[in-house]
Every structure is written in structure tokens, then in C-alpha cells.
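Undergrad: Below is a structure I'd like to ask you about.
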Number of protein chains: 6
Amino acid sequence: MPRVRVTREVHFNAAHRVFNPAWDDARNLEVFGGCANPEWHGHNYELFVTVEGELDPETGYVMDLRALKELVEERVVADVDHCNLNTQVPWMQGVIPSSENFVVRIWERLEGHLPAGVRLARLTLWETPRHYVEYEGG
Amino acid sequence: MPRVRVTREVHFNAAHRVFNPAWDDARNLEVFGGCANPEWHGHNYELFVTVEGELDPETGYVMDLRALKELVEERVVADVDHCNLNTQVPWMQGVIPSSENFVVRIWERLEGHLPAGVRLARLTLWETPRHYVEYEGG
Amino acid sequence: MPRVRVTREVHFNAAHRVFNPAWDDARNLEVFGGCANPEWHGHNYELFVTVEGELDPETGYVMDLRALKELVEERVVADVDHCNLNTQVPWMQGVIPSSENFVVRIWERLEGHLPAGVRLARLTLWETPRHYVEYEGG
Amino acid sequence: MPRVRVTREVHFNAAHRVFNPAWDDARNLEVFGGCANPEWHGHNYELFVTVEGELDPETGYVMDLRALKELVEERVVADVDHCNLNTQVPWMQGVIPSSENFVVRIWERLEGHLPAGVRLARLTLWETPRHYVEYEGG
Amino acid sequence: MPRVRVTREVHFNAAHRVFNPAWDDARNLEVFGGCANPEWHGHNYELFVTVEGELDPETGYVMDLRALKELVEERVVADVDHCNLNTQVPWMQGVIPSSENFVVRIWERLEGHLPAGVRLARLTLWETPRHYVEYEGG
Amino acid sequence: MPRVRVTREVHFNAAHRVFNPAWDDARNLEVFGGCANPEWHGHNYELFVTVEGELDPETGYVMDLRALKELVEERVVADVDHCNLNTQVPWMQGVIPSSENFVVRIWERLEGHLPAGVRLARLTLWETPRHYVEYEGG
């Protein structure tokens, strides 16, 4: 059967602060600018989750998109929506909550939770309408 | 010469019903939900057709985009726009009209119809603004 | 208190057929083109619901947007999503399901169901990304 | 000369918390849900500033759009971008930082600062890609 | 019958130069910046044409959108697409081709060409994705 | 450390004319249509610049996005914004200014100017909202 990629978008918003706790305020301000603001700032995130697999001839689907959406809502959105990435999300602890670290941790939340024969192929995370990060694992 | 990918968007709308005729209504409802509605539903589809090839130094083009658009209009859009994918599109017969099957069949409609030296590289088909499928052949 | 307009987007998809049952097929084809296809076609609709009212100083809101979304989901989306506007939606009977008639009927579904002091100000209904209708009542 | 409306988009992001300090946490949670999270959340805001006036026959402009953009950057964006609306923006003090209150305060920041003959006509503020507020003064 | 507004989008691209021929180069550069470049620059324009009228009970339409699109293609797009607004568009002569003057001239091209009972209600012209002009006549 | 791709969008507008100076006008018109108009036409370009590298554990970044934006502004946008690609951009001389040639020349402007450990991974250049080109080097 043909292998097809299927992508579902989800969205959420969150507060964060991009700073390195090993540095003093001046160094953080120099490297991160306003992103290091101690009073936080935030974003509307748009996350595109792409899975890949063979077409199932019985359904015409690679995977039920409602099941994919529920998985992402349950393992990612429920933990981060209207939250503070620095202080309230257990699986974001220990890293600077940049988009790059965020997308890698989201990958870890989803990988291994897909149906047999379906693999997580790509995550695309828009932090603003003007920049995004992509991660394909590895 | 450099190899570049060129993408043209086309759009159309259609009705369909996602269901497996080998199953009874209850099973179809369980697996496909409202998508199996016997009275149909429909979508505005956005199709991005990507071709790849070497730059032609005489034109600066990989391929004339007007010719690409005409090809897609003639071999895909003319058959599906304002139509019912289940009952009116000859080349969609025998498969469940999911986005996955649809994109594979569109691939078969376009492959082999491009100019020499240009290959079909990727199809991206948005069924709603919140999900899409990608196919690169094979 | 200042008067502000607040808009919430909802989306759904549906099948329909735009035709006048008082006319024969030839006349319908001439006037409506492919929109009159007896086998249906469909769209992803994007509906923007705008309400207007004074700011409530206790909440800073004109109206709770979650309540607005629930109202529209309950009185509009639940009846039309993944449905056939011609055959399955009781409150669309007796009119041709053009965008114009659809937006007027949606207005009738929502008007009179808003909290005291909040009025329905405008409905904007996109049938495709290239055209939309607006209705402000009256 | 004809009267034309001209609109410029600007964007920024910010953290906020929507809550009423006169209420206890349970009441705030009931009314505002996750928006009342004491650890903040945030958004990418898109602000469309619309001015209206007669065409100047010497320039063909209602107003120089670079000057409009600079005005908004200086009197709005510089104060709120990458900031906390509750704790860091002097002109947001004393109100709940809902979109409705925010757009009214932005209006007050801009009105009276436009060139002679040009009036502030409308502000449209998107807090997420799924909802926005509009204010026309008064 | 209810009065509804109907909007159709069309697009085209063009070159132009925004400058006042009564001024010298230095003055033009000062007032218009790069927009006065004697070697031209250009844009992808998106034009939204809005008409208003009563619903026709026989069609459910305010006006046939295909007819509206053909009118705009014939009286506007055919003259400006892939053209130079300063040197090649007869109905743009005598004015600086700013968005403001352009939208007023487009209005003059369309007004009086609509079916009986339908009025031109609004033109919205995006010159870039970050700014647009609106004109409602008068 | 994980390897992540990071993308920044920039925009500009420009005039151009797509024609082959070795051909006469009739041949150019036949091959390029309105794109060969001797009086020019133009576009709003949207350029997405993608870089790839390992996460820097000290910053959580692959590369500072402000630095990436400044690089693209300095080496690309400053030369082309509000300009004529045929007559005013030194690094576009000698080629037909199609999107394909343009994206290859932009690649040459950026490659080799990124920080150590970061590679230019992909350029995506939208010439209109309906078509774009992609280049990954080589």
C-alpha cells in the first residue's frame, strides 16, 4: 500500500521566559533581549503533527485523525494550554523553554504512543506567524 | 544547472462520504463518525502540486507554471470540482474517498504527464484548514 | 462604559446543492452551473459571529467568549456540521441553500439567545477562501 | 477629495492574566477558567489600526503609512511587546487586561496623535487567530 | 427580503512608482522613500469587491458571483494585471498611483455596471499583507 | 544534542520583467506572456529562510533568530526591497529574474555567512500567494 503523510494542526497559548539561570540578568538581557523579561511574555502556538504510514485499505486512513488529535490534546495541549512553560509543565523542566527545546520535548511526549505501523514523522511548531521550528527526531 | 522545486496551488470543492461499503451502518458510524453520513458532506480542497527539475537557462524556469496549472486543471480539477467523489469521478471508483486515497489517485493522474526532465515531487492536499495529507509517490 | 464588538470564529463543513425546485434541470444548470449538480458538492465554512455591547467592569468582557462559542456550536454547528443543508437541516428547509439564505437563517438561530445587553451585530460567512457574505440583520 | 480608510497591521506578544482582584481564586477560576492562571499565559497579538481622511492630492495619501507605523510602535508596541500587561504597562493599570479593555486603552494612546484632518476610525485586535475585538471609539 | 452583502476576491500584480511629477527627485525621495524609485517596484494586489442588495427569492442570490467576477476581471484586472500603473493604465493617468487613488479609480470603473437593485458597497484593496485601503464611495 | 530546523520569514517587494534578451519581442511574449511586459510588473515576495543545526544547550537555540533576520535583511532585503531586479540588483545580473533563478542567487548570498555549526537548509520563496519555489542547494 502507498505510504502517505497526514498532518493535524492543534493550537494553544502559553507564557514563558527564555533565559539561562546560570547567567546573571545582564548576560541574559544581552543574549535573549526582551525574551528574558522576568515578568514573562507569551505566544499563541500552532503545532502541526505529521505521522506517516501505509494506507489501511479497510478505512482509507493512515490513522484516524480524531484519535491523533485526542492523543495530542491529552499528552501535550492539556499540559501547556494557558500555562507557564517555565513553572507549570513538568516535562519542560530542566531546559530553557525555547521553541527548539519545546519541539523536542513534544516529540518525546508523542513518540511511542502511535498505533502500530504509524510513525511520528515531523513536528512543526509556529511560535509566531513569522518563525517556526521543525523536528524529525534523531 | 541547479535543481529547484516549484509549487502551484489549485483549488476546488467536492462532496464525499467516507465509508466502507463492506460494513453495515453501525460499524461505519463507529469508525468514521459524521464522515460516513449517507447524505454526504463536502470540503473546499486546496491542492499544492510540486515539481522538480533543473533550471532551463533559456527561460529561467523549471517548467512553465501556466502549463502546470493547465495540466492540473485538465486532469484533476475538471473531473472533481463541484462534484461527488463517490459517485461522479471515474478515477476515484473502488477506493474509499479519504484524503489519503484521493492524493494517491491524483498522483496517478499527473505522473507521466510532465515535460521531459521534470518529475512530480510532492502533492499536498488540504481537506480543511486544519489537516492535510502529503504524498511523494512510492 | 465603552461599547466594543467581539468576534468568535467557528467552522464546519457541509454538502449542498444550489437549485430552484420550480425550474427544470436545464434552467438550473444555466443559472447555477456546477452548483446545481444533483449529486451535491460541499464546502468548509468559516463563520465569524460578532456581538456588541458595553464592557462589563467586573469581567472586562462584553460577553464570555466560551459561552458565545457554545451557543453557536449548539444552535448552528451541531445541526449542520458534516451534514447536507438541503436534506438534513430543519431550519434550512424552504429556501435555496445559497450563502445568502444560509447566513440569514443562522442569524435567526442566534438572535434572541444572547445575554441581556448584548446584541448580535454581524455574521460573516466564508463559503470558500475567495468569497463570503455578511449580514447585520434587517 | 474622496475620503478613504487606510489600515496598517502591527504585531507584538505579551503575557497577561485575566482575573478580578476583588474576587477570590475560586470565583476567578469559575468565571475566567484558565485565563485566570496565576502563573500567566500569553498571546501573539495582531493589531490593525485604521485611519480615515481625505486624499491629499499632493501625495495621493490619506497619511504616510510609515508615520502611522512609527506612531503605533512608539505609543503602543514599545510599551507592550514581550511584556506583562498586568504588571509592566503603566497605561493598562486599573483594568482587567481583557482584549476589550486592551483595545479601549490602545485607542486612548493613539487618539489625538494623528495629523490634522485624519481621524482614528477603527482598531481591530486579534488575541488569537480565532477571535478578535473591534473598537471605533465612543 | 433581507439585504445581504456579498464579497468576491480577485488578485493581480502590477508595477508602480509613487511620486509627484511636480517635485524634484530629492523631495520625492524625502516624502515617498523607496516607493519613489525611478526604476519601479511592484506588488501582488488582493482586491475584495463587496456588493449589497436584497436576496432574490428565485435564486437565493444577491447577484451571481460569476457575473461579479467577470465584471471585475473585464473592467479592472484585464487593464492592470502584469502592467505598469503609471504608464500603461489609461484610467490611472493624472493621479499618483497610491493605493488610495487606485481604489477610488477602481470604484469609478465598477460603479454603475452592476445589475438593477445591487449597489457597490465597499472596496478593500490590500497592497501588501500588512496594509490595505477601504473605500465606500463619496 | 538534537538537530532542529529553524525558519524565519522576511518580506519585500520588487519589480521585474521575465524575458530572454537573446529573443525578439514576439518570442518573449509567446513564452513568458504578460511576465515579459517591457514596462515591468512586480510582486510582494515572502521568503522563508531555514537553517539547521544542533541545539546549543546554553541558549536552547540553534541560532539567534534576530541575527538570522539581520543577516537576511543585510545581504538580501536591503538590495532588493522596492527595487527592480533586472536593473538595480548587482547579484541578479546575467540571469533571467524568474523565481527559480532568484532563489538560487539568494542562496549564494546567504551560504557561508552562518555561524559555525549551522547550515543553510532550505529557502522557500513565494512570488504570489499561489506559487512558490524551494531550493536546498546543490
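We label chains A, B, ... in the order they appear in the C-alpha cells, count residues from 1 in each chain, and number ligands from 1 in the order shown.
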For Trp40 of chain C, list every protein, DNA or RNA residue within 9 Å, evaluated using only C-alpha atoms, and leave out those in the same chain fewer than 5 positions away; present the list as a ChimeraX atom specification.

TA: /B:14-16,40-42,82-84 /C:15-18,35,84

Undergrad: Now that the selection is made, can you save its residues with N, CA and C atoms as an mmCIF file, in the first residue's frame?

TA:
data_model
loop_
_atom_site.group_PDB
_atom_site.id
_atom_site.type_symbol
_atom_site.label_atom_id
_atom_site.label_comp_id
_atom_site.auth_asym_id
_atom_site.auth_seq_id
_atom_site.Cartn_x
_atom_site.Cartn_y
_atom_site.Cartn_z
ATOM 1 N N ALA B 14 -15.832 19.747 -3.395
ATOM 2 C CA ALA B 14 -16.464 18.486 -3.759
ATOM 3 C C ALA B 14 -17.257 17.951 -2.572
ATOM 4 N N ALA B 15 -18.190 17.044 -2.875
ATOM 5 C CA ALA B 15 -18.891 16.286 -1.838
ATOM 6 C C ALA B 15 -18.274 14.903 -1.754
ATOM 7 N N HIS B 16 -18.340 14.302 -0.593
ATOM 8 C CA HIS B 16 -17.941 12.912 -0.485
ATOM 9 C C HIS B 16 -18.591 12.284 0.756
ATOM 10 N N TRP B 40 -24.072 12.733 2.601
ATOM 11 C CA TRP B 40 -22.875 13.427 2.129
ATOM 12 C C TRP B 40 -22.502 14.635 2.988
ATOM 13 N N HIS B 41 -21.264 15.056 2.822
ATOM 14 C CA HIS B 41 -20.795 16.363 3.288
ATOM 15 C C HIS B 41 -19.730 16.783 2.281
ATOM 16 N N GLY B 42 -19.041 17.892 2.515
ATOM 17 C CA GLY B 42 -18.102 18.317 1.486
ATOM 18 C C GLY B 42 -17.035 19.247 2.010
ATOM 19 N N HIS B 82 -16.931 20.790 -7.863
ATOM 20 C CA HIS B 82 -18.396 20.785 -7.711
ATOM 21 C C HIS B 82 -18.989 19.406 -7.989
ATOM 22 N N CYS B 83 -18.208 18.368 -7.723
ATOM 23 C CA CYS B 83 -18.677 17.001 -7.982
ATOM 24 C C CYS B 83 -18.727 16.169 -6.700
ATOM 25 N N ASN B 84 -19.233 14.955 -6.872
ATOM 26 C CA ASN B 84 -19.321 13.976 -5.795
ATOM 27 C C ASN B 84 -18.228 12.936 -6.028
ATOM 28 N N ALA C 15 -22.489 19.544 2.849
ATOM 29 C CA ALA C 15 -22.828 19.389 1.433
ATOM 30 C C ALA C 15 -24.048 20.240 1.130
ATOM 31 N N HIS C 16 -24.159 20.672 -0.102
ATOM 32 C CA HIS C 16 -25.392 21.335 -0.517
ATOM 33 C C HIS C 16 -25.520 21.260 -2.034
ATOM 34 N N ARG C 17 -26.653 21.735 -2.504
ATOM 35 C CA ARG C 17 -26.912 21.855 -3.931
ATOM 36 C C ARG C 17 -27.730 23.117 -4.092
ATOM 37 N N VAL C 18 -27.267 24.026 -4.934
ATOM 38 C CA VAL C 18 -27.968 25.288 -5.126
ATOM 39 C C VAL C 18 -28.825 25.150 -6.376
ATOM 40 N N CYS C 35 -22.965 24.415 -9.414
ATOM 41 C CA CYS C 35 -23.554 24.485 -8.075
ATOM 42 C C CYS C 35 -24.878 23.740 -8.003
ATOM 43 N N ASN C 84 -25.980 17.606 5.185
ATOM 44 C CA ASN C 84 -26.473 18.060 3.897
ATOM 45 C C ASN C 84 -27.476 19.179 4.157
#

Undergrad: Can you build me a table of chain B residues sitting at most 6 Å from chain F, with the closest atom pair per residue and its distance in Å to one decimal, using only C-alpha atoms, sorted by chain and residue number, as a Markdown table?

TA:
| residue | atom | partner | partner_atom | distance |
| --- | --- | --- | --- | --- |
| B:Val4 | CA | F:Tyr135 | CA | 5.2 |
| B:Arg5 | CA | F:Glu134 | CA | 5.0 |
| B:Val6 | CA | F:Val133 | CA | 4.4 |
| B:Thr7 | CA | F:Tyr132 | CA | 5.4 |
| B:Arg8 | CA | F:His131 | CA | 4.6 |
| B:Glu9 | CA | F:Arg130 | CA | 5.2 |
| B:Gly60 | CA | F:Ser98 | CA | 5.6 |

Undergrad: Within segment 2-135 of chain E, find each residue whose DSSP state, derived from the backbone, is strand (DSSP E or B), and express the selection as a VMD selection string.

TA: chain E and resid 3 to 16 41 to 54 56 61 83 to 84 119 to 128 131 to 135

Undergrad: Any chance you can output those residues with C-alpha atoms as a short mmCIF file (atom, residue, chain, number, x, y, z; two decimals), in the first residue's frame?

TA:
data_model
loop_
_atom_site.label_atom_id
_atom_site.label_comp_id
_atom_site.auth_asym_id
_atom_site.auth_seq_id
_atom_site.Cartn_x
_atom_site.Cartn_y
_atom_site.Cartn_z
CA ARG E 3 -30.39 42.81 2.48
CA VAL E 4 -27.07 40.95 2.43
CA ARG E 5 -23.52 41.94 1.44
CA VAL E 6 -21.57 39.64 -0.84
CA THR E 7 -17.81 39.87 -1.40
CA ARG E 8 -15.62 38.36 -4.11
CA GLU E 9 -11.83 38.40 -4.05
CA VAL E 10 -9.72 38.90 -7.17
CA HIS E 11 -5.96 39.28 -7.47
CA PHE E 12 -3.41 40.69 -9.84
CA ASN E 13 0.07 42.12 -9.76
CA ALA E 14 1.48 45.35 -11.11
CA ALA E 15 4.44 47.70 -11.09
CA HIS E 16 4.18 51.31 -9.99
CA HIS E 41 8.74 48.35 -7.76
CA GLY E 42 5.58 46.25 -7.57
CA HIS E 43 3.01 44.35 -5.60
CA ASN E 44 0.61 41.44 -5.54
CA TYR E 45 -2.71 43.16 -5.02
CA GLU E 46 -5.72 41.44 -3.44
CA LEU E 47 -9.00 43.23 -4.15
CA PHE E 48 -12.23 42.41 -2.29
CA VAL E 49 -15.32 43.75 -4.06
CA THR E 50 -18.45 43.97 -1.92
CA VAL E 51 -21.94 44.47 -3.30
CA GLU E 52 -25.19 44.81 -1.39
CA GLY E 53 -28.76 44.10 -2.27
CA GLU E 54 -31.91 42.20 -1.46
CA ASP E 56 -33.62 37.32 -5.00
CA TYR E 61 -28.51 35.24 -4.57
CA CYS E 83 1.11 46.06 -16.04
CA ASN E 84 2.66 49.34 -15.00
CA ARG E 119 -25.14 48.62 -5.27
CA LEU E 120 -21.38 48.72 -4.92
CA ALA E 121 -20.92 48.81 -1.14
CA ARG E 122 -17.20 48.61 -0.41
CA LEU E 123 -13.82 48.01 -2.00
CA THR E 124 -10.93 46.69 0.08
CA LEU E 125 -7.53 46.70 -1.59
CA TRP E 126 -4.52 45.01 0.03
CA GLU E 127 -1.24 46.31 -1.43
CA THR E 128 0.83 44.10 0.88
CA HIS E 131 -1.69 47.22 4.84
CA TYR E 132 -4.86 47.89 2.91
CA VAL E 133 -7.26 50.67 1.97
CA GLU E 134 -11.07 50.71 2.03
CA TYR E 135 -13.44 52.88 0.06
#

Undergrad: Rounded to one decimal place, report the atom CA of Arg105 of chain F-atom CA of Leu114 of chain B distance in Å.

TA: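 Distance between the two atoms: 26.1 Å.
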
Undergrad: Taking only chain C into account, list the residues labelled alpha helix (DSSP H) by DSSP (computed from the backbone), as an MDAnalysis selection string.

TA: chainID C and resid 25:32 65:72 78:80 99:110

Undergrad: As a CSV table (one decimal) with C-alpha atoms, in the first residue's frame, please: the residues near Ile106 of chain E (cut-off 9 Å, only C-alpha atoms, same-chain neighbours under 6 positions excluded).

TA:
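Saved to selection-v4.csv:
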chain,number,residue,atom,x,y,z
E,75,ARG,CA,-13.2,46.3,-16.2
E,76,VAL,CA,-10.2,46.2,-13.7
E,91,TRP,CA,-7.8,55.2,-16.2
E,123,LEU,CA,-13.8,48.0,-2.0

Undergrad: To one decimal place, how far is atom CA of Pro38 of chain C from atom CA of Asp25 of chain C in Å?

TA: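 Taking atom CA of Pro38 of chain C and atom CA of Asp25 of chain C, their separation equals 9.1 Å.
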
Undergrad: Quick one: residues within 10 Å of Leu71 of chain C, only C-alpha atoms counted, chain neighbours fewer than 5 positions away excluded, as a list of chain:residue names?

TA: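 Selected residues are C:Leu65, C:Arg66, C:Val76, C:Val77, C:Arg109, C:Leu110, C:His113, C:Leu114.
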
Undergrad: How would the residues just chosen look if you wrote them out with C-alpha atoms as a PDB file, in the first residue's frame?

TA:
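Written out: part-v4.pdb:
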ATOM      1  CA  LEU C  65     -16.444  34.015  24.573  1.00  0.00           C
ATOM      2  CA  ARG C  66     -16.719  30.411  25.723  1.00  0.00           C
ATOM      3  CA  VAL C  76     -25.773  26.126  14.476  1.00  0.00           C
ATOM      4  CA  VAL C  77     -22.752  23.832  14.183  1.00  0.00           C
ATOM      5  CA  ARG C 109     -30.938  30.815  15.056  1.00  0.00           C
ATOM      6  CA  LEU C 110     -28.779  33.126  17.204  1.00  0.00           C
ATOM      7  CA  HIS C 113     -30.306  33.951  22.538  1.00  0.00           C
ATOM      8  CA  LEU C 114     -27.644  36.360  23.730  1.00  0.00           C
TER       9      LEU C 114
END

Undergrad: Measure the distance from atom CA of Ala36 of chain E to atom CA of Glu108 of chain F in Å and round it to one decimal.

TA: 28.9 Å
